[in-house]
Amino acid sequence: MKKNRLFAIYEKSLRYVCKGGLIRKGDLVTAGISGGADSMVMLDLLCRMQEQIGFTLAAVHVHHGIRGSEADRDAAYVKEQCSLRDVPCETIRCDVPELAKEWHMGEEETGRIMRRRILAAQARSIAAGSPEPADRGGAFTRLRIALAHNRDDQAETLLHHLCRGSSLRGMTGIRPVSPLSQEGPDRDLCLIRPVMCLSREEIEEYAALAGMDYMTDSTNLTDLYTRNRIRRLLPVLAEQVHPCAPSHIAAAAANFALAEDYLAAEGEKALVRSLISPPDTDPQTGAPLRFRIAEHLAEEPGILQLYALRLALERVSRTGKDLGTVHLEQLRDLLTGAAGRHLQLPCKVHAYRTAEGVEICSSMYPGDGTDSFAPTQKQMPQTAEWKYLQIPGVTDTVFGTFICRIFPYNGQIIPEKTYTKWLDYDKIHGKLQVRTRCAGDWFALPHGGGRKSLRRFMIDQKIPAADRDRIGLVACGNEVHWIISGRLGAGAMISSDTSRVLEIRLEPAAAGTDTRGNE
């Protein structure tokens with residue numbers, strides 16, 4: 001009975017690996033082994049699979065420099081167990097707490113990034129040391145990195161994404177096979193999860209039946225990390241809602257993945273149908289730098305519009321990191337809006353509403369100034385050009401026409417308009433200039449928060465360095481009162497003591513003017 005159950009779990013995992021093409025004959029599989037139950041069972045199963053499939057197996061243990069003697073214990077245990085199975089194993093140390101401080105990230109996320117980097121580097125090192133490296137069609141047909149996620153991890157991931165807000169892509173959870181990177185030198189490396197078909201209960205059962213020991217990470221027993229808190233929900237759902245709840249949640253993630261893949265493929269077709277011309281690309285890398293999309297994309301089903309726009313954004317930005325649903329909705333609104341509107345998006349991406357549709361381009365795209373609303377070097381002011389505002393009166397500038405008037409303040413409601421601003425005229429001591437930035441510029445923070453340098457603000461807002469000299473300002477001396485189309489300084493804001501209001505209304509210039517400074 002014991003042997004039958006042990007064999008049944010092994011067969012379940014083997015079928016999963018073979019059916020999904022996770023591992024094939026001739027592959028190099030570099031397994032991340034922590035010493036916990038999941039990774040030790042994965043190691044044992046992979047050793048058994050080697051005989052049937054025919055692949056090369058190596059192990060890597062990452063010492064995160066977090067748990068002191070407990071981490072040293074885990075590293076020694078993994079080394080010993082790999083030696084008993086004749087699996088080559090390397091222990092790589094990294095200082096995750098120090099890196100987390102340097103990167104301004106949490107230790108959990110920092111550790112995840114470092115593990116993947118180390119596993120990738122080790123896989124390449126092993127491949128390079130083979131008699132005939134994989135890139136020459138030699139010893140290894142593919143490079144695979146094995147991670148020990150189980151079925152319950154999948155369910156926890158879906159719940160986590162659902163709770164924090166997620167698109168359909170996020171609801172797909174953890175894929176059985178996924179590329180380490182979408183581009184660059186690691187795009188041929190794939191992450192695989194050979195035991196994701198097994199529940200945590202099955203993994204612990206296999207370890208017990210096989211007489212295997214494993215280490216327990218003490219941090220998994222605390223509520224320090226969000227995942228640990230979510231992990232406690234699954235037994236409650238199984239007990240109080242449905243005994244198969246974790247399995248059903250994991251199955252839902254697989255169905256979401258099928259829907260996501262289909263919609264992504266249809267979205268790409270919609271994007272191709274709506275292109276005004278082929279994408280402009282980087283002459284050195286071939287990566288897209290600009291998409292010109294016709295307004296008839298708005299005639300496609302709404303979901304395909306979003307997928308097409310997302311694809312264009314991701315290809316221009318190279319990563320898609322920090323691009324969310326809100327940005328896609330803004331871009332879709334731009335598609336149906338008036339010509340001349342502009343969006344500054346994360347990842348140094350700009351979007352412009354042209355007469356024909358929408359243009360999405362990287363800040364690295366130089367533009368040509370002929371058929372685009374994209375700013376070009378020639379069109380934009382490159383130095384701190386000065387022009388005094390006529391108050392009251394009209395002032396023409398490279399940023400557009402400023403219309404100023406003064407009127408008494410009697411508690412009127414301040415209009416929330418991008419290009420119309422009200423200032424307390426009595427708090428402005430000197431002549432207002434329209435210009436680009438100068439050394440020493442600053443603006444006052446609200447609620448007595450002191451002042452902040454304009455340079456620091458632009459860095460915090462992740463405005464590309466190449467764009468900072470193009471942003472229009474309304475200033476008095478070095479005090480910036482208005483970053484045009486963006487933030488107002490607090491130094492001349494309207495208050496209950498205001499007696500005279502200076503209204504500044506801007507009629508933006510035509511194509512080629514960048515008045516960004518968004519909060």
# chains A, B, ... in the order shown; residues from 1 in each chain; ligands from 1
call {"tool": "residues_around", "arguments": {"residues": "Val177 in chain A", "least_positions_apart": "2", "cutoff": "8 Å", "atoms": "only C-alpha atoms", "output": "JSON list (two decimals) with N, CA and C atoms, in the first residue's frame"}}
result
[["chain", "number", "residue", "atom", "x", "y", "z"],
["A", 22, "LEU", "N", 7.35, 20.08, -19.93],
["A", 22, "LEU", "CA", 8.22, 20.82, -19.02],
["A", 22, "LEU", "C", 9.67, 20.39, -19.19],
["A", 175, "ARG", "N", 2.34, 30.13, -14.04],
["A", 175, "ARG", "CA", 2.30, 29.24, -15.21],
["A", 175, "ARG", "C", 3.21, 28.03, -14.99],
["A", 179, "PRO", "N", 8.81, 32.01, -19.58],
["A", 179, "PRO", "CA", 10.15, 32.48, -19.91],
["A", 179, "PRO", "C", 10.71, 33.31, -18.76],
["A", 190, "CYS", "N", 13.83, 29.06, -19.45],
["A", 190, "CYS", "CA", 12.44, 28.91, -19.02],
["A", 190, "CYS", "C", 12.37, 28.41, -17.58],
["A", 191, "LEU", "N", 11.42, 28.97, -16.84],
["A", 191, "LEU", "CA", 11.11, 28.50, -15.49],
["A", 191, "LEU", "C", 10.07, 27.40, -15.60],
["A", 192, "ILE", "N", 10.29, 26.30, -14.91],
["A", 192, "ILE", "CA", 9.31, 25.20, -14.90],
["A", 192, "ILE", "C", 8.95, 24.87, -13.45],
["A", 193, "ARG", "N", 7.74, 24.36, -13.26],
["A", 193, "ARG", "CA", 7.26, 23.98, -11.93],
["A", 193, "ARG", "C", 6.81, 22.52, -11.96]]
call {"tool": "select_by_dssp", "arguments": {"residues": "range 86-289 of chain A", "states": "alpha helix (DSSP H)", "output": "PyMOL selection string"}}
result
chain A and resi 96-103+107-128+151-164+168-171+200-209+226-231+233-240+245-274
call {"tool": "residues_around", "arguments": {"residues": "Ala254 in chain A", "least_positions_apart": "2", "cutoff": "10 Å", "atoms": "only C-alpha atoms", "output": "MDAnalysis selection string"}}
result
chainID A and resid 154 171:176 248:252 256:260
call {"tool": "write_last_selection", "arguments": {"atoms": "C-alpha atoms", "output": "PDB file, in the first residue's frame"}}
result
ATOM      1  CA  GLN A 154      -1.110  28.518  -7.206  1.00  0.00           C
ATOM      2  CA  MET A 171      -5.683  35.810 -12.465  1.00  0.00           C
ATOM      3  CA  THR A 172      -3.710  33.225 -14.443  1.00  0.00           C
ATOM      4  CA  GLY A 173      -1.479  32.845 -11.380  1.00  0.00           C
ATOM      5  CA  ILE A 174       1.715  30.850 -11.816  1.00  0.00           C
ATOM      6  CA  ARG A 175       2.297  29.244 -15.211  1.00  0.00           C
ATOM      7  CA  PRO A 176       3.703  25.681 -15.385  1.00  0.00           C
ATOM      8  CA  HIS A 248     -10.893  24.381  -7.665  1.00  0.00           C
ATOM      9  CA  ILE A 249      -9.144  27.720  -7.236  1.00  0.00           C
ATOM     10  CA  ALA A 250      -5.990  26.348  -8.883  1.00  0.00           C
ATOM     11  CA  ALA A 251      -8.099  24.912 -11.722  1.00  0.00           C
ATOM     12  CA  ALA A 252      -9.721  28.334 -12.205  1.00  0.00           C
ATOM     13  CA  PHE A 256      -8.043  31.988 -16.828  1.00  0.00           C
ATOM     14  CA  ALA A 257      -4.719  31.241 -18.522  1.00  0.00           C
ATOM     15  CA  LEU A 258      -6.518  29.739 -21.531  1.00  0.00           C
ATOM     16  CA  ALA A 259      -8.762  32.813 -21.807  1.00  0.00           C
ATOM     17  CA  GLU A 260      -5.790  35.170 -21.417  1.00  0.00           C
TER      18      GLU A 260
END
call {"tool": "residues_around", "arguments": {"residues": "Ile303 in chain A", "least_positions_apart": "5", "cutoff": "12 Å", "atoms": "only C-alpha atoms", "output": "PDB file with C-alpha atoms, in the first residue's frame"}}
result
ATOM      1  CA  SER A 167      -6.382  42.028 -14.616  1.00  0.00           C
ATOM      2  CA  LEU A 168      -7.208  38.702 -16.252  1.00  0.00           C
ATOM      3  CA  ALA A 259      -8.762  32.813 -21.807  1.00  0.00           C
ATOM      4  CA  GLU A 260      -5.790  35.170 -21.417  1.00  0.00           C
ATOM      5  CA  TYR A 262      -6.769  33.568 -26.554  1.00  0.00           C
ATOM      6  CA  LEU A 263      -7.522  37.241 -25.927  1.00  0.00           C
ATOM      7  CA  ALA A 264      -3.844  38.169 -26.192  1.00  0.00           C
ATOM      8  CA  GLU A 266      -6.867  38.230 -30.794  1.00  0.00           C
ATOM      9  CA  GLY A 267      -5.613  41.543 -29.393  1.00  0.00           C
ATOM     10  CA  GLU A 268      -2.462  41.227 -31.468  1.00  0.00           C
ATOM     11  CA  ALA A 270      -6.615  43.777 -33.744  1.00  0.00           C
ATOM     12  CA  LEU A 297      -9.288  50.491 -33.361  1.00  0.00           C
ATOM     13  CA  ALA A 298     -12.152  51.997 -31.316  1.00  0.00           C
ATOM     14  CA  ALA A 308      -4.095  45.684 -28.485  1.00  0.00           C
ATOM     15  CA  LEU A 309      -3.097  48.834 -26.613  1.00  0.00           C
ATOM     16  CA  ARG A 310      -1.441  46.790 -23.866  1.00  0.00           C
ATOM     17  CA  THR A 325      -5.394  48.944 -16.146  1.00  0.00           C
ATOM     18  CA  LEU A 328      -4.900  51.330 -20.601  1.00  0.00           C
ATOM     19  CA  GLU A 329      -8.209  53.064 -19.853  1.00  0.00           C
ATOM     20  CA  ARG A 332      -8.452  54.153 -24.775  1.00  0.00           C
TER      21      ARG A 332
END
call {"tool": "residues_around", "arguments": {"residues": "Val87 in chain A", "least_positions_apart": "4", "cutoff": "7 Å", "atoms": "only C-alpha atoms", "output": "list in words"}}
result
Leu57, Ala58, Ala59, Cys82 and Ser83 of chain A
call {"tool": "closest_residue", "arguments": {"among": "A:Met105, A:Cys438, A:Met212, A:Val326", "to": "Arg470 in chain A", "atoms": "only C-alpha atoms"}}
result
A:Cys438
